Each structure stands twice: as C-alpha cells, then as structure tokens.
>>> print(open('model.cif').read())   # mmCIF, N, CA and C atoms
data_entry
loop_
_atom_site.label_atom_id
_atom_site.label_comp_id
_atom_site.auth_asym_id
_atom_site.auth_seq_id
_atom_site.Cartn_x
_atom_site.Cartn_y
_atom_site.Cartn_z
N MET V 1083 129.20 76.20 19.19
CA MET V 1083 128.43 75.89 18.00
C MET V 1083 128.57 74.39 17.74
N MET V 1084 127.46 73.76 17.38
CA MET V 1084 127.45 72.35 16.99
C MET V 1084 127.15 72.28 15.50
N THR V 1085 127.77 71.34 14.84
CA THR V 1085 127.53 71.14 13.42
C THR V 1085 126.76 69.84 13.25
N PHE V 1086 125.57 69.94 12.71
CA PHE V 1086 124.71 68.77 12.46
C PHE V 1086 124.70 68.49 10.97
N THR V 1087 124.63 67.23 10.64
CA THR V 1087 124.41 66.82 9.26
C THR V 1087 123.10 66.05 9.25
N VAL V 1088 122.17 66.52 8.44
CA VAL V 1088 120.86 65.87 8.31
C VAL V 1088 120.69 65.56 6.83
N GLY V 1089 120.72 64.26 6.51
CA GLY V 1089 120.75 63.90 5.10
C GLY V 1089 122.05 64.41 4.52
N GLU V 1090 121.96 65.21 3.50
CA GLU V 1090 123.16 65.80 2.88
C GLU V 1090 123.37 67.25 3.32
N LYS V 1091 122.51 67.75 4.18
CA LYS V 1091 122.56 69.16 4.59
C LYS V 1091 123.39 69.34 5.86
N VAL V 1092 124.28 70.32 5.85
CA VAL V 1092 125.11 70.65 7.01
C VAL V 1092 124.53 71.91 7.65
N ILE V 1093 124.27 71.84 8.96
CA ILE V 1093 123.65 72.95 9.68
C ILE V 1093 124.50 73.29 10.89
N ASN V 1094 124.93 74.54 11.01
CA ASN V 1094 125.63 75.01 12.20
C ASN V 1094 124.61 75.60 13.14
N ILE V 1095 124.60 75.11 14.38
CA ILE V 1095 123.64 75.58 15.37
C ILE V 1095 124.39 76.28 16.49
N ALA V 1096 124.13 77.56 16.63
CA ALA V 1096 124.80 78.38 17.64
C ALA V 1096 124.07 78.27 18.97
N PRO V 1097 124.72 78.68 20.06
CA PRO V 1097 124.05 78.66 21.37
C PRO V 1097 122.70 79.37 21.31
N GLY V 1098 121.70 78.73 21.89
CA GLY V 1098 120.35 79.30 21.93
C GLY V 1098 119.49 78.95 20.73
N GLU V 1099 120.07 78.40 19.68
CA GLU V 1099 119.30 78.03 18.49
C GLU V 1099 118.78 76.61 18.61
N THR V 1100 117.76 76.30 17.80
CA THR V 1100 117.18 74.96 17.78
C THR V 1100 117.10 74.46 16.35
N TYR V 1101 116.95 73.15 16.24
CA TYR V 1101 116.77 72.55 14.92
C TYR V 1101 115.96 71.27 15.09
N PHE V 1102 114.99 71.06 14.21
CA PHE V 1102 114.14 69.87 14.24
C PHE V 1102 114.66 68.85 13.25
N ILE V 1103 114.90 67.63 13.72
CA ILE V 1103 115.31 66.54 12.84
C ILE V 1103 114.14 65.57 12.75
N PRO V 1104 113.58 65.40 11.56
CA PRO V 1104 112.43 64.51 11.43
C PRO V 1104 112.77 63.06 11.78
N ARG V 1105 111.80 62.36 12.33
CA ARG V 1105 111.98 60.95 12.68
C ARG V 1105 112.42 60.18 11.44
N GLY V 1106 113.42 59.35 11.61
CA GLY V 1106 113.91 58.52 10.52
C GLY V 1106 114.96 59.16 9.64
N ALA V 1107 115.20 60.45 9.82
CA ALA V 1107 116.22 61.14 9.00
C ALA V 1107 117.61 60.69 9.43
N VAL V 1108 118.46 60.41 8.46
CA VAL V 1108 119.85 60.08 8.75
C VAL V 1108 120.52 61.36 9.23
N HIS V 1109 121.12 61.30 10.41
CA HIS V 1109 121.72 62.51 10.97
C HIS V 1109 122.91 62.17 11.85
N GLY V 1110 123.71 63.18 12.10
CA GLY V 1110 124.84 63.08 13.00
C GLY V 1110 125.26 64.46 13.44
N PHE V 1111 126.17 64.53 14.39
CA PHE V 1111 126.60 65.85 14.87
C PHE V 1111 128.06 65.79 15.29
N ASN V 1112 128.69 66.96 15.27
CA ASN V 1112 130.09 67.11 15.67
C ASN V 1112 130.27 68.46 16.35
N ASN V 1113 131.26 68.52 17.20
CA ASN V 1113 131.72 69.80 17.72
C ASN V 1113 133.05 70.06 17.02
N LEU V 1114 133.04 70.89 15.99
CA LEU V 1114 134.24 71.18 15.20
C LEU V 1114 134.99 72.40 15.70
N GLN V 1115 134.51 72.98 16.79
CA GLN V 1115 135.12 74.18 17.35
C GLN V 1115 136.17 73.80 18.38
N HIS V 1116 136.92 74.78 18.86
CA HIS V 1116 137.93 74.55 19.89
C HIS V 1116 137.41 74.92 21.27
N GLU V 1117 136.10 74.87 21.44
CA GLU V 1117 135.46 75.16 22.72
C GLU V 1117 134.51 74.02 23.06
N ASP V 1118 134.30 73.80 24.35
CA ASP V 1118 133.32 72.81 24.77
C ASP V 1118 131.95 73.24 24.28
N ALA V 1119 131.12 72.27 24.00
CA ALA V 1119 129.75 72.55 23.56
C ALA V 1119 128.81 71.61 24.28
N LYS V 1120 127.61 72.07 24.52
CA LYS V 1120 126.56 71.25 25.13
C LYS V 1120 125.34 71.32 24.23
N ALA V 1121 124.61 70.22 24.21
CA ALA V 1121 123.38 70.18 23.43
C ALA V 1121 122.30 69.47 24.23
N LEU V 1122 121.09 69.89 24.04
CA LEU V 1122 119.94 69.25 24.66
C LEU V 1122 119.12 68.62 23.54
N ALA V 1123 118.91 67.33 23.62
CA ALA V 1123 118.10 66.63 22.62
C ALA V 1123 116.79 66.20 23.26
N VAL V 1124 115.71 66.53 22.60
CA VAL V 1124 114.38 66.10 23.05
C VAL V 1124 113.89 65.10 22.02
N ILE V 1125 113.68 63.86 22.45
CA ILE V 1125 113.25 62.80 21.56
C ILE V 1125 111.82 62.46 21.93
N THR V 1126 110.91 62.72 21.00
CA THR V 1126 109.51 62.46 21.28
C THR V 1126 108.84 61.84 20.06
N PRO V 1127 108.12 60.76 20.22
CA PRO V 1127 107.92 60.07 21.50
C PRO V 1127 109.22 59.44 21.98
N ALA V 1128 109.28 59.16 23.26
CA ALA V 1128 110.51 58.63 23.88
C ALA V 1128 110.84 57.26 23.31
N LEU V 1129 111.81 57.22 22.41
CA LEU V 1129 112.19 55.97 21.77
C LEU V 1129 113.47 55.37 22.35
N LEU V 1130 114.23 56.17 23.07
CA LEU V 1130 115.50 55.70 23.64
C LEU V 1130 115.46 55.85 25.15
N ALA V 1131 115.87 54.80 25.83
CA ALA V 1131 115.90 54.80 27.29
C ALA V 1131 117.26 55.32 27.77
N PRO V 1132 117.36 55.69 29.04
CA PRO V 1132 118.64 56.15 29.58
C PRO V 1132 119.76 55.13 29.38
N ALA V 1133 119.44 53.85 29.35
CA ALA V 1133 120.46 52.81 29.17
C ALA V 1133 121.24 53.02 27.88
N TYR V 1134 120.58 53.45 26.81
CA TYR V 1134 121.27 53.69 25.54
C TYR V 1134 122.38 54.72 25.72
N PHE V 1135 122.06 55.84 26.35
CA PHE V 1135 123.03 56.91 26.52
C PHE V 1135 124.15 56.50 27.47
N LYS V 1136 123.83 55.72 28.49
CA LYS V 1136 124.87 55.23 29.42
C LYS V 1136 125.83 54.29 28.69
N GLU V 1137 125.29 53.39 27.89
CA GLU V 1137 126.14 52.45 27.15
C GLU V 1137 127.03 53.17 26.14
N MET V 1138 126.46 54.14 25.45
CA MET V 1138 127.26 54.91 24.49
C MET V 1138 128.35 55.71 25.20
N ALA V 1139 128.02 56.33 26.34
CA ALA V 1139 128.99 57.13 27.09
C ALA V 1139 130.16 56.27 27.56
N GLU V 1140 129.89 55.04 27.98
CA GLU V 1140 130.97 54.15 28.42
C GLU V 1140 131.98 53.91 27.30
N ILE V 1141 131.48 53.74 26.09
CA ILE V 1141 132.36 53.49 24.94
C ILE V 1141 133.12 54.76 24.56
N ILE V 1142 132.40 55.86 24.50
CA ILE V 1142 133.00 57.13 24.06
C ILE V 1142 134.01 57.66 25.07
N ASN V 1143 133.76 57.43 26.35
CA ASN V 1143 134.62 57.97 27.40
C ASN V 1143 135.64 56.96 27.91
N ALA V 1144 135.95 55.94 27.14
CA ALA V 1144 136.86 54.87 27.59
C ALA V 1144 138.33 55.29 27.60
N GLY V 1145 138.65 56.49 27.12
CA GLY V 1145 140.03 56.97 27.17
C GLY V 1145 140.84 56.68 25.93
N ALA V 1146 140.19 56.17 24.91
CA ALA V 1146 140.85 55.90 23.63
C ALA V 1146 139.85 56.24 22.54
N PRO V 1147 140.29 56.25 21.30
CA PRO V 1147 139.30 56.49 20.24
C PRO V 1147 138.16 55.47 20.36
N PRO V 1148 136.92 55.91 20.19
CA PRO V 1148 135.78 55.00 20.36
C PRO V 1148 135.84 53.81 19.39
N ASP V 1149 135.44 52.65 19.89
CA ASP V 1149 135.35 51.44 19.08
C ASP V 1149 134.06 51.52 18.26
N ILE V 1150 134.19 51.78 16.98
CA ILE V 1150 133.04 51.99 16.10
C ILE V 1150 132.13 50.76 16.08
N GLU V 1151 132.71 49.57 16.10
CA GLU V 1151 131.89 48.35 16.07
C GLU V 1151 131.05 48.23 17.34
N LYS V 1152 131.61 48.61 18.48
CA LYS V 1152 130.84 48.58 19.74
C LYS V 1152 129.72 49.61 19.69
N LEU V 1153 130.01 50.80 19.16
CA LEU V 1153 128.97 51.82 19.04
C LEU V 1153 127.83 51.32 18.16
N LYS V 1154 128.18 50.69 17.04
CA LYS V 1154 127.16 50.16 16.13
C LYS V 1154 126.33 49.07 16.80
N MET V 1155 126.97 48.25 17.64
CA MET V 1155 126.24 47.19 18.33
C MET V 1155 125.23 47.76 19.33
N VAL V 1156 125.64 48.79 20.05
CA VAL V 1156 124.73 49.42 21.02
C VAL V 1156 123.56 50.07 20.27
N MET V 1157 123.86 50.74 19.17
CA MET V 1157 122.78 51.37 18.38
C MET V 1157 121.78 50.31 17.91
N ALA V 1158 122.28 49.22 17.36
CA ALA V 1158 121.40 48.16 16.86
C ALA V 1158 120.58 47.55 18.00
N LYS V 1159 121.20 47.37 19.14
CA LYS V 1159 120.51 46.81 20.31
C LYS V 1159 119.30 47.66 20.70
N HIS V 1160 119.41 48.97 20.47
CA HIS V 1160 118.33 49.89 20.86
C HIS V 1160 117.46 50.30 19.68
N GLY V 1161 117.54 49.56 18.59
CA GLY V 1161 116.64 49.78 17.47
C GLY V 1161 117.06 50.86 16.49
N LEU V 1162 118.30 51.31 16.57
CA LEU V 1162 118.79 52.32 15.64
C LEU V 1162 119.60 51.66 14.53
N VAL V 1163 119.62 52.30 13.38
CA VAL V 1163 120.36 51.79 12.24
C VAL V 1163 121.55 52.69 12.01
N PRO V 1164 122.76 52.22 12.36
CA PRO V 1164 123.94 53.07 12.15
C PRO V 1164 124.25 53.24 10.68
N VAL V 1165 124.56 54.47 10.28
CA VAL V 1165 124.94 54.79 8.91
C VAL V 1165 126.25 55.55 9.00
N MET V 1166 127.27 55.05 8.37
CA MET V 1166 128.58 55.72 8.41
C MET V 1166 128.58 56.91 7.45
N PRO V 1167 129.27 57.98 7.84
CA PRO V 1167 129.34 59.17 6.96
C PRO V 1167 129.92 58.81 5.60
N THR V 1168 129.47 59.50 4.57
CA THR V 1168 129.97 59.26 3.23
C THR V 1168 131.12 60.19 2.88
N MET V 1169 131.47 61.11 3.78
CA MET V 1169 132.54 62.08 3.52
C MET V 1169 133.88 61.44 3.67
#
>>> encode(input="model.cif", output="structure tokens")
Amino acid sequence: MMTFTVGEKVINIAPGETYFIPRGAVHGFNNLQHEDAKALAVITPALLAPAYFKEMAEIINAGAPPDIEKLKMVMAKHGLVPVMPTM
C-alpha cells in the first residue's frame, strides 16, 4: 500500500488501485508499510524526461539520508516547485 497526500487529503492506495492527481496539485507519497511497494506513474502530457528520475534516484540511493537541498535543486531544474510537508 502507498500513502499519497494530495493537497490536505491523505489517500491509501492498495495494490491494483489507481488515483488521479490533477496537474499542478501539491502532492507527495510514502511507503509507510513494512513491505516493499511499487508504483507506476503515468504523466501526461510528458512533462518529465528520464533524466529527472535518474538524477533523483542517484540522490535517493546514495546510501545515506537524501540531501533535501539536492532534491530541491533537481526538481527546480526540471520545472517543478518543491513544497515541504506541513506536518
């Protein structure tokens, strides 16, 4: 199960379920379970190139807690506006 936050709404999405996030909506996701989870994201129209995901993966998989400032820089480079959680 993946937990998505869209605006102020928290949505748990179980295997096989889908959820539409409108363009421009502030959103994020977490795996809060003790099991591996996979998600498929379809972004249309295609606004993000594979380079975005490769750059993010390098930071996230560096073997230490991710550098938030580096993540924000990559997001900005690709036209995204990072918004930190208010929780």
>>> resolve_selection(input="model.cif", expression="the PyMOL selection byres ((chain V and resi 1109-1121) around 7)", output="compact mmCIF listing (two decimals) with N, CA and C atoms, keeping the file's coordinate frame")
# COMPACT_ATOMS: atom_id res chain seq x y z
N MET V 1083 129.20 76.20 19.19
CA MET V 1083 128.43 75.89 18.00
C MET V 1083 128.57 74.39 17.74
N MET V 1084 127.46 73.76 17.38
CA MET V 1084 127.45 72.35 16.99
C MET V 1084 127.15 72.28 15.50
N THR V 1085 127.77 71.34 14.84
CA THR V 1085 127.53 71.14 13.42
C THR V 1085 126.76 69.84 13.25
N PHE V 1086 125.57 69.94 12.71
CA PHE V 1086 124.71 68.77 12.46
C PHE V 1086 124.70 68.49 10.97
N THR V 1087 124.63 67.23 10.64
CA THR V 1087 124.41 66.82 9.26
C THR V 1087 123.10 66.05 9.25
N VAL V 1088 122.17 66.52 8.44
CA VAL V 1088 120.86 65.87 8.31
C VAL V 1088 120.69 65.56 6.83
N GLY V 1089 120.72 64.26 6.51
CA GLY V 1089 120.75 63.90 5.10
C GLY V 1089 122.05 64.41 4.52
N GLY V 1106 113.42 59.35 11.61
CA GLY V 1106 113.91 58.52 10.52
C GLY V 1106 114.96 59.16 9.64
N ALA V 1107 115.20 60.45 9.82
CA ALA V 1107 116.22 61.14 9.00
C ALA V 1107 117.61 60.69 9.43
N VAL V 1108 118.46 60.41 8.46
CA VAL V 1108 119.85 60.08 8.75
C VAL V 1108 120.52 61.36 9.23
N LEU V 1122 121.09 69.89 24.04
CA LEU V 1122 119.94 69.25 24.66
C LEU V 1122 119.12 68.62 23.54
N ALA V 1123 118.91 67.33 23.62
CA ALA V 1123 118.10 66.63 22.62
C ALA V 1123 116.79 66.20 23.26
>>> atom_distance(input="model.cif", atom1="atom CA of V:Ala1133", atom2="atom CA of V:Lys1091")
29.6 Å
>>> select_by_dssp(input="model.cif", residues="chain V", states="alpha helix (DSSP H)", output="VMD selection string")
chain V and resid 1132 to 1142 1150 to 1159
>>> atom_distance(input="model.cif", atom1="atom CA of V:Ala1139", atom2="atom CA of V:Arg1105")
22.6 Å
